[in-house]
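*Asks:* Got a structure for you, work.cif, holding mmCIF, C-alpha atoms.
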```
data_target
#
loop_
_atom_site.label_atom_id
_atom_site.label_comp_id
_atom_site.auth_asym_id
_atom_site.auth_seq_id
_atom_site.Cartn_x
_atom_site.Cartn_y
_atom_site.Cartn_z
CA MET A 27 138.79 39.55 -192.57
CA THR A 28 137.30 36.18 -193.22
CA MET A 29 133.54 35.97 -193.67
CA VAL A 30 131.90 32.83 -192.35
CA GLU A 31 128.52 32.10 -193.86
CA THR A 32 126.30 30.05 -191.58
CA PRO A 33 123.41 28.36 -193.37
CA PRO A 34 119.99 29.34 -192.02
CA PRO A 35 118.20 26.78 -189.87
CA ARG A 36 115.86 24.43 -191.70
CA LEU A 37 112.26 25.39 -191.65
CA PRO A 38 110.04 23.06 -189.64
CA VAL A 39 108.27 20.48 -191.76
CA ARG A 40 104.58 20.12 -191.14
CA ASP A 41 103.51 16.67 -190.02
CA ARG A 42 100.59 16.19 -192.39
CA ALA A 43 99.57 12.84 -190.92
CA GLY A 44 99.60 14.23 -187.41
CA ALA A 45 97.71 17.34 -188.48
CA ALA A 46 95.07 15.19 -190.13
CA GLU A 47 94.66 13.15 -186.95
CA ARG A 48 94.31 16.29 -184.82
CA SER A 49 91.73 17.86 -187.17
CA TRP A 50 89.58 14.73 -187.36
CA GLY A 51 86.25 15.26 -185.62
CA GLY A 52 85.23 11.61 -185.46
CA LEU A 53 81.96 9.73 -185.68
CA SER A 54 81.73 9.11 -181.94
CA PRO A 55 82.81 11.86 -179.52
CA MET A 56 83.02 9.26 -176.75
CA LEU A 57 85.31 7.06 -178.83
CA THR A 58 87.49 10.06 -179.70
CA ARG A 59 87.80 10.94 -176.01
CA LEU A 60 88.73 7.36 -175.12
CA ALA A 61 91.41 7.38 -177.82
CA GLU A 62 92.85 10.61 -176.42
CA GLU A 63 92.86 9.09 -172.93
CA ARG A 64 94.64 5.98 -174.27
CA ALA A 65 91.94 3.95 -172.55
CA THR A 66 91.76 0.16 -172.40
CA GLY A 67 88.39 -1.59 -172.30
CA VAL A 68 85.29 -2.19 -174.42
CA LEU A 69 82.88 0.39 -175.81
CA VAL A 70 79.42 -1.16 -176.14
CA ARG A 71 77.15 0.54 -178.69
CA ALA A 72 73.71 -0.30 -180.09
CA ARG A 73 74.94 -2.46 -182.98
CA GLY A 74 78.31 -3.68 -181.81
CA SER A 75 81.30 -3.38 -179.50
CA LEU A 76 84.79 -1.94 -179.95
CA TYR A 77 87.71 -3.17 -177.86
CA LEU A 78 90.49 -0.68 -177.13
CA VAL A 79 94.02 -1.08 -175.83
CA ASP A 80 95.90 2.14 -175.07
CA GLY A 81 93.36 4.05 -177.17
CA GLN A 82 93.78 1.84 -180.26
CA VAL A 83 91.02 -0.39 -181.65
CA VAL A 84 92.13 -4.01 -181.39
CA HIS A 85 88.85 -5.92 -181.92
CA ALA A 86 85.27 -5.29 -183.01
CA GLU A 87 82.15 -7.41 -182.69
CA SER A 88 78.64 -7.06 -184.10
CA PRO A 89 75.69 -9.45 -184.49
CA ALA A 90 75.42 -8.17 -188.06
CA ALA A 91 78.91 -9.36 -189.06
CA PRO A 92 80.56 -12.81 -188.94
CA GLY A 93 83.53 -12.81 -186.59
CA PRO A 94 87.06 -14.00 -187.36
CA GLY A 95 86.18 -17.54 -186.26
CA ALA A 96 83.37 -17.76 -188.80
CA LEU A 97 85.58 -16.35 -191.55
CA LEU A 98 88.43 -18.75 -190.75
CA THR A 99 86.28 -21.88 -190.51
CA ALA A 100 83.75 -21.26 -193.29
CA HIS A 101 86.09 -22.19 -196.14
CA GLY A 102 88.35 -24.74 -194.46
CA THR A 103 91.21 -22.46 -193.39
CA LEU A 104 90.72 -23.69 -189.83
CA ALA A 105 88.70 -26.56 -188.35
CA ALA A 106 85.71 -25.37 -186.32
CA GLY A 107 86.65 -27.64 -183.41
CA VAL A 108 90.15 -26.16 -183.25
CA TRP A 109 88.72 -22.64 -183.12
CA ARG A 110 86.28 -23.52 -180.33
CA ASP A 111 89.02 -25.22 -178.33
CA ALA A 112 91.34 -22.20 -178.58
CA VAL A 113 88.59 -19.79 -177.50
CA SER A 114 87.61 -21.99 -174.54
CA ARG A 115 91.24 -22.24 -173.36
CA ALA A 116 92.06 -18.55 -173.78
CA ASP A 117 92.66 -16.42 -170.70
CA ASP A 118 94.19 -13.07 -169.77
CA ARG A 119 97.74 -14.43 -170.10
CA CYS A 120 97.35 -16.25 -173.43
CA GLY A 121 94.67 -15.35 -175.95
CA ALA A 122 93.12 -17.63 -178.55
CA ALA A 123 95.28 -16.12 -181.30
CA ARG A 124 98.50 -17.12 -179.54
CA LEU A 125 97.19 -20.66 -178.96
CA LEU A 126 96.35 -21.03 -182.64
CA LEU A 127 99.76 -19.74 -183.74
CA ASP A 128 101.74 -21.78 -181.25
CA GLY A 129 99.82 -24.90 -182.23
CA GLY A 130 100.58 -24.36 -185.91
CA HIS A 131 96.89 -24.34 -186.81
CA VAL A 132 97.05 -21.11 -188.82
CA THR A 133 99.77 -18.85 -190.19
CA ALA A 134 100.36 -15.39 -188.79
CA GLY A 135 99.58 -13.77 -192.14
CA ALA A 136 96.24 -15.55 -192.56
CA LEU A 137 95.23 -14.71 -189.00
CA GLU A 138 96.15 -11.05 -189.36
CA LEU A 139 94.27 -10.66 -192.66
CA CYS A 140 91.19 -12.35 -191.25
CA HIS A 141 91.32 -10.32 -188.04
CA LEU A 142 91.67 -7.04 -189.90
CA ALA A 143 88.79 -7.90 -192.25
CA ALA A 144 86.54 -8.83 -189.32
CA LEU A 145 87.54 -5.69 -187.41
CA TYR A 146 86.63 -3.33 -190.26
CA ASP A 147 83.47 -5.32 -190.94
CA ALA A 148 82.09 -5.31 -187.40
CA GLY A 149 83.40 -1.79 -186.81
CA TYR A 150 81.24 -0.52 -189.67
CA PHE A 151 78.11 -1.71 -187.89
CA ALA A 152 79.29 -0.78 -184.40
CA LEU A 153 79.73 2.82 -185.58
CA SER A 154 76.25 2.99 -187.12
CA PRO A 155 74.26 6.11 -186.12
CA SER A 156 72.28 5.46 -182.97
CA SER A 157 70.24 7.40 -180.45
CA THR A 158 71.30 4.97 -177.71
CA PRO A 159 74.31 6.19 -175.71
CA GLY A 160 77.37 3.95 -175.62
CA ARG A 161 78.82 2.43 -172.45
CA PHE A 162 82.52 1.93 -171.79
CA ARG A 163 83.81 -0.76 -169.43
CA TYR A 164 87.42 -0.18 -168.41
CA GLY A 165 89.91 -3.01 -168.31
CA ILE A 166 87.93 -5.53 -170.39
CA THR A 167 90.00 -7.44 -172.97
CA HIS A 168 89.02 -9.75 -175.83
CA ARG A 169 89.56 -13.50 -175.63
CA LEU A 170 91.31 -13.50 -179.00
CA GLY A 171 94.22 -11.56 -177.58
CA PRO A 172 96.46 -9.01 -179.33
CA ILE A 173 96.93 -9.29 -183.10
CA LEU A 174 96.73 -5.93 -184.86
CA SER A 175 95.55 -2.49 -183.76
CA LEU A 176 94.07 0.49 -185.58
CA PRO A 177 93.87 4.17 -184.72
CA VAL A 178 90.30 5.22 -184.02
CA ALA A 179 90.45 7.80 -186.81
CA ALA A 180 91.47 5.14 -189.35
CA LEU A 181 88.49 2.93 -188.50
CA GLU A 182 86.10 5.86 -188.60
CA ARG A 183 87.37 7.08 -191.97
CA GLU A 184 87.01 3.60 -193.44
CA THR A 185 83.48 3.45 -192.06
CA LEU A 186 82.60 6.72 -193.80
CA ARG A 187 84.14 5.49 -197.04
CA ARG A 188 81.98 2.37 -196.89
CA ARG A 189 78.86 4.41 -196.23
CA ASP A 190 79.59 6.55 -199.29
CA LEU A 191 80.20 3.46 -201.44
CA LEU A 192 76.87 1.87 -200.50
CA HIS A 193 75.06 5.16 -201.09
CA ALA A 194 76.61 5.47 -204.54
CA ILE A 195 75.45 1.95 -205.49
CA TRP A 196 71.89 2.33 -204.16
CA PRO A 197 70.95 5.23 -201.87
CA ASP A 198 68.07 3.51 -200.05
CA PRO A 199 69.31 1.55 -196.98
CA ALA A 200 66.12 -0.58 -196.79
CA PRO A 201 67.78 -3.69 -198.34
CA ASP A 202 70.40 -3.76 -195.58
CA GLY A 203 68.08 -5.03 -192.88
CA ALA A 204 64.88 -6.30 -194.53
CA PRO A 205 64.12 -9.83 -195.77
CA LEU A 206 65.12 -10.02 -199.42
CA ALA A 207 63.13 -11.50 -202.30
CA ARG A 208 63.94 -12.13 -205.95
CA THR A 209 62.01 -10.19 -208.59
CA TYR A 210 62.95 -12.34 -211.62
CA ALA A 211 63.29 -9.22 -213.74
CA SER A 212 64.24 -9.65 -217.37
CA GLY A 213 67.06 -7.84 -219.14
CA ALA A 214 69.30 -7.80 -216.09
CA PRO A 215 73.07 -7.32 -216.49
CA LYS A 216 75.39 -10.31 -216.43
CA LEU A 217 76.18 -11.39 -212.90
CA THR A 218 79.47 -12.51 -211.44
CA ALA A 219 79.77 -16.02 -210.03
CA ARG A 220 79.70 -14.59 -206.51
CA GLN A 221 76.51 -12.64 -207.23
CA GLN A 222 74.90 -15.73 -208.72
CA ARG A 223 75.67 -17.73 -205.57
CA LEU A 224 74.20 -14.95 -203.44
CA LEU A 225 71.09 -14.69 -205.60
CA ALA A 226 70.48 -18.43 -205.27
CA LEU A 227 70.24 -18.03 -201.46
CA ILE A 228 67.69 -15.22 -201.53
CA ASP A 229 64.35 -16.71 -200.54
CA GLY A 230 62.14 -13.91 -199.23
CA VAL A 231 63.11 -14.70 -195.63
CA ARG A 232 66.85 -14.17 -195.25
CA THR A 233 68.31 -10.73 -194.63
CA ALA A 234 71.73 -9.52 -195.79
CA THR A 235 73.12 -10.47 -192.37
CA ASP A 236 71.68 -13.99 -192.71
CA LEU A 237 73.25 -14.32 -196.15
CA ALA A 238 76.66 -13.19 -194.87
CA HIS A 239 76.60 -15.77 -192.07
CA ALA A 240 75.35 -18.51 -194.42
CA GLN A 241 78.29 -17.92 -196.78
CA GLY A 242 80.96 -17.10 -194.20
CA ARG A 243 81.57 -13.77 -195.95
CA GLN A 244 82.13 -10.29 -194.66
CA ALA A 245 78.79 -8.60 -194.07
CA PHE A 246 79.78 -5.34 -195.75
CA HIS A 247 80.82 -7.14 -198.95
CA THR A 248 77.46 -8.90 -198.88
CA LEU A 249 75.72 -5.53 -198.55
CA VAL A 250 77.60 -4.29 -201.62
CA ASP A 251 76.39 -7.24 -203.70
CA VAL A 252 72.85 -6.95 -202.33
CA ARG A 253 72.58 -3.28 -203.25
CA ARG A 254 73.98 -4.01 -206.70
CA LEU A 255 71.34 -6.72 -207.19
CA VAL A 256 68.66 -4.29 -206.01
CA SER A 257 70.00 -1.64 -208.38
CA ALA A 258 69.83 -4.19 -211.23
CA GLY A 259 66.19 -4.90 -210.43
CA LEU A 260 66.80 -8.53 -209.47
CA VAL A 261 66.19 -8.22 -205.73
CA ALA A 262 63.82 -6.16 -203.61
CA PRO A 263 63.38 -5.77 -199.85
CA GLN A 264 60.20 -7.29 -198.49
CA GLU A 265 57.88 -4.73 -196.94
CA PRO A 266 56.27 -5.74 -193.63
CA ALA A 267 52.56 -6.51 -193.84
CA PRO A 268 50.54 -3.44 -192.76
CA ALA A 269 48.79 -3.78 -189.44
CA PRO A 270 45.00 -3.59 -189.79
CA ASP A 271 43.52 -0.31 -188.59
CA ASP A 272 40.42 -0.05 -186.38
CA GLY A 273 38.17 0.41 -189.38
CA GLY A 274 39.37 -2.81 -190.94
CA VAL A 275 38.86 -4.71 -187.70
CA ALA A 276 35.35 -3.29 -187.27
CA ALA A 277 34.43 -4.19 -190.84
CA THR A 278 35.67 -7.73 -190.33
CA VAL A 279 33.66 -8.12 -187.11
CA ALA A 280 30.51 -6.70 -188.73
CA GLU A 281 30.84 -9.08 -191.66
CA ARG A 282 31.17 -12.07 -189.34
CA LEU A 283 28.17 -10.97 -187.25
CA ALA A 284 26.06 -10.63 -190.38
CA HIS A 285 26.56 -14.31 -191.22
CA THR A 286 26.63 -15.83 -187.74
CA THR A 287 24.23 -18.61 -186.69
CA ASP A 288 24.82 -18.25 -182.95
CA PRO A 289 21.32 -18.07 -181.36
CA HIS A 290 22.39 -15.58 -178.70
CA ILE A 291 23.78 -13.18 -181.26
CA THR A 292 20.72 -13.70 -183.48
CA LEU A 293 18.44 -12.74 -180.56
CA LEU A 294 20.49 -9.62 -179.89
CA LYS A 295 20.24 -8.66 -183.56
CA ARG A 296 16.44 -9.03 -183.47
CA LEU A 297 16.23 -6.87 -180.36
CA ARG A 298 18.40 -4.25 -182.03
CA ASP A 299 16.21 -4.26 -185.15
CA ALA A 300 13.07 -3.95 -182.99
CA LEU A 301 14.49 -0.99 -181.09
CA GLU A 302 15.50 0.74 -184.34
CA ALA A 303 11.92 0.28 -185.67
CA LEU A 304 10.38 2.13 -182.70
#
```
What would the structure in this file look like if it were written as structure tokens?
*Replies:*
Amino acid sequence: MTMVETPPPRLPVRDRAGAAERSWGGLSPMLTRLAEERATGVLVRARGSLYLVDGQVVHAESPAAPGPGALLTAHGTLAAGVWRDAVSRADDRCGAARLLLDGGHVTAGALELCHLAALYDAGYFALSPSSTPGRFRYGITHRLGPILSLPVAALERETLRRRDLLHAIWPDPAPDGAPLARTYASGAPKLTARQQRLLALIDGVRTATDLAHAQGRQAFHTLVDVRRLVSAGLVAPQEPAPAPDDGGVAATVAERLAHTTDPHITLLKRLRDALEAL
């Protein structure tokens, strides 16, 4: 009798990447639901917007972060007029990215790197904690057109990583949004050339967002340098001037009345003094 040994079936291999995606809770329940629905449109939040195609993030915009056009044109990679022309000519059939590539104005690699940097940058601010509910508009697409896409979970994880990095450098978020001023502290560590250029632009008026736009740099990278300068004691956020309370206003009015030469007010003061003497 011949024995035939049949090898046992292979055990199923766990899909670790898929399991990680399924276990991810997300920063925005609404965004997670839209990803599961494979929705296409734009999610508008308090500090930015996220564009989705089939549940993937394809673009992000925020007033706090320079967009891909600013990043491409700031250092001569692309002429500003060429960028504006491509955006004005873009439509649903042909986005600005395709017009730039077909015209030979920028290489595919440079465009993809710039787009990805701008997406992560604006996405960081768009996913900032907010008490304002987001709004999703189905079917809305971006004028730039398709370039690269990211899973929602990947963008959210990168956002959390960036939050942790900023907290490790300097835990107080006040420098992120306040006007910044130099302190001219002595004994500061040696600065990099990039930090020196940033420090030269700090004037007591500009915020980190203003500095990012002025340099054509990613806003998050500017925040990193700002918090490092704050940690080194070279920069401090400007505190808003306190509003005068009622007591301060009353004291100011009383002081002015005590020195006034207006005859009507002088007469009223004499009448008051006469009544108090009775």
*Asks:* I would like the residues chosen by the PyMOL selection byres ((chain A and resi 250-265) around 6) on the shown file; could you give them as a ChimeraX atom specification?
*Replies:* /A:196,201,204-211,247-249,266
*Asks:* Check which residues satisfy the PyMOL selection byres ((chain A and resi 101-106) around 12) in the file shown, then give them as a compact mmCIF listing (two decimals) with C-alpha atoms, in the frame of the given file.
*Replies:*
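Result file selection03.txt:
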```txt
# COMPACT_ATOMS: atom_id res chain seq x y z
CA PRO A 94 87.06 -14.00 -187.36
CA GLY A 95 86.18 -17.54 -186.26
CA ALA A 96 83.37 -17.76 -188.80
CA LEU A 97 85.58 -16.35 -191.55
CA LEU A 98 88.43 -18.75 -190.75
CA THR A 99 86.28 -21.88 -190.51
CA ALA A 100 83.75 -21.26 -193.29
CA GLY A 107 86.65 -27.64 -183.41
CA VAL A 108 90.15 -26.16 -183.25
CA TRP A 109 88.72 -22.64 -183.12
CA ARG A 110 86.28 -23.52 -180.33
CA ASP A 111 89.02 -25.22 -178.33
CA ALA A 112 91.34 -22.20 -178.58
CA VAL A 113 88.59 -19.79 -177.50
CA LEU A 126 96.35 -21.03 -182.64
CA LEU A 127 99.76 -19.74 -183.74
CA GLY A 129 99.82 -24.90 -182.23
CA GLY A 130 100.58 -24.36 -185.91
CA HIS A 131 96.89 -24.34 -186.81
CA VAL A 132 97.05 -21.11 -188.82
CA THR A 133 99.77 -18.85 -190.19
CA ALA A 136 96.24 -15.55 -192.56
CA LEU A 137 95.23 -14.71 -189.00
CA CYS A 140 91.19 -12.35 -191.25
CA ALA A 240 75.35 -18.51 -194.42
CA GLN A 241 78.29 -17.92 -196.78
CA GLY A 242 80.96 -17.10 -194.20
CA ARG A 243 81.57 -13.77 -195.95
```
*Asks:* How many Å lie between atom CA of A:Glu138 and atom CA of A:Gly67, rounded to one decimal?
*Replies:* 21.0 Å
*Asks:* Identify which of the residues A:Leu186, A:Leu227, A:Ala200, A:Leu78 lies closest to A:Ser154, counting all atoms listed in the file when measuring atom-to-atom distances.
*Replies:*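 For A:Ser154, the nearest of the candidates is A:Leu186.
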*Asks:* Enter the distance from atom CA of A:Ala179 to atom CA of A:His193, in Å, rounded to one decimal.
*Replies:*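 Separation of atom CA of A:Ala179 and atom CA of A:His193: 21.2 Å.
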*Asks:* Could you give me, as a list in words, the residues within 7 Å of stretch 161-165 of chain A, counting all atoms listed in the file and dropping anything in the same chain fewer than 2 positions from it?
*Replies:*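 Contacts, with the query itself left out: Thr66, Gly67, Val68, Leu69, Val70, Arg71, Pro159 and Thr167 of chain A.
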*Asks:* What separation in Å, quoted to one decimal, exists between atom CA of A:Ala116 and atom CA of A:Ser175?
*Replies:*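 Distance between the two atoms: 19.2 Å.
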*Asks:* Evaluate the PyMOL selection byres ((chain A and resi 178) around 8) and record the selected residues as a list in words, following the chain and residue labels used in the document.
*Replies:*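 Checking the PyMOL selection byres ((chain A and resi 178) around 8) against this file, the residues are Leu57, Thr58, Ala61, Gly81, Gln82, Val83, Leu176, Pro177, Ala179, Ala180, Leu181 and Glu182 of chain A.
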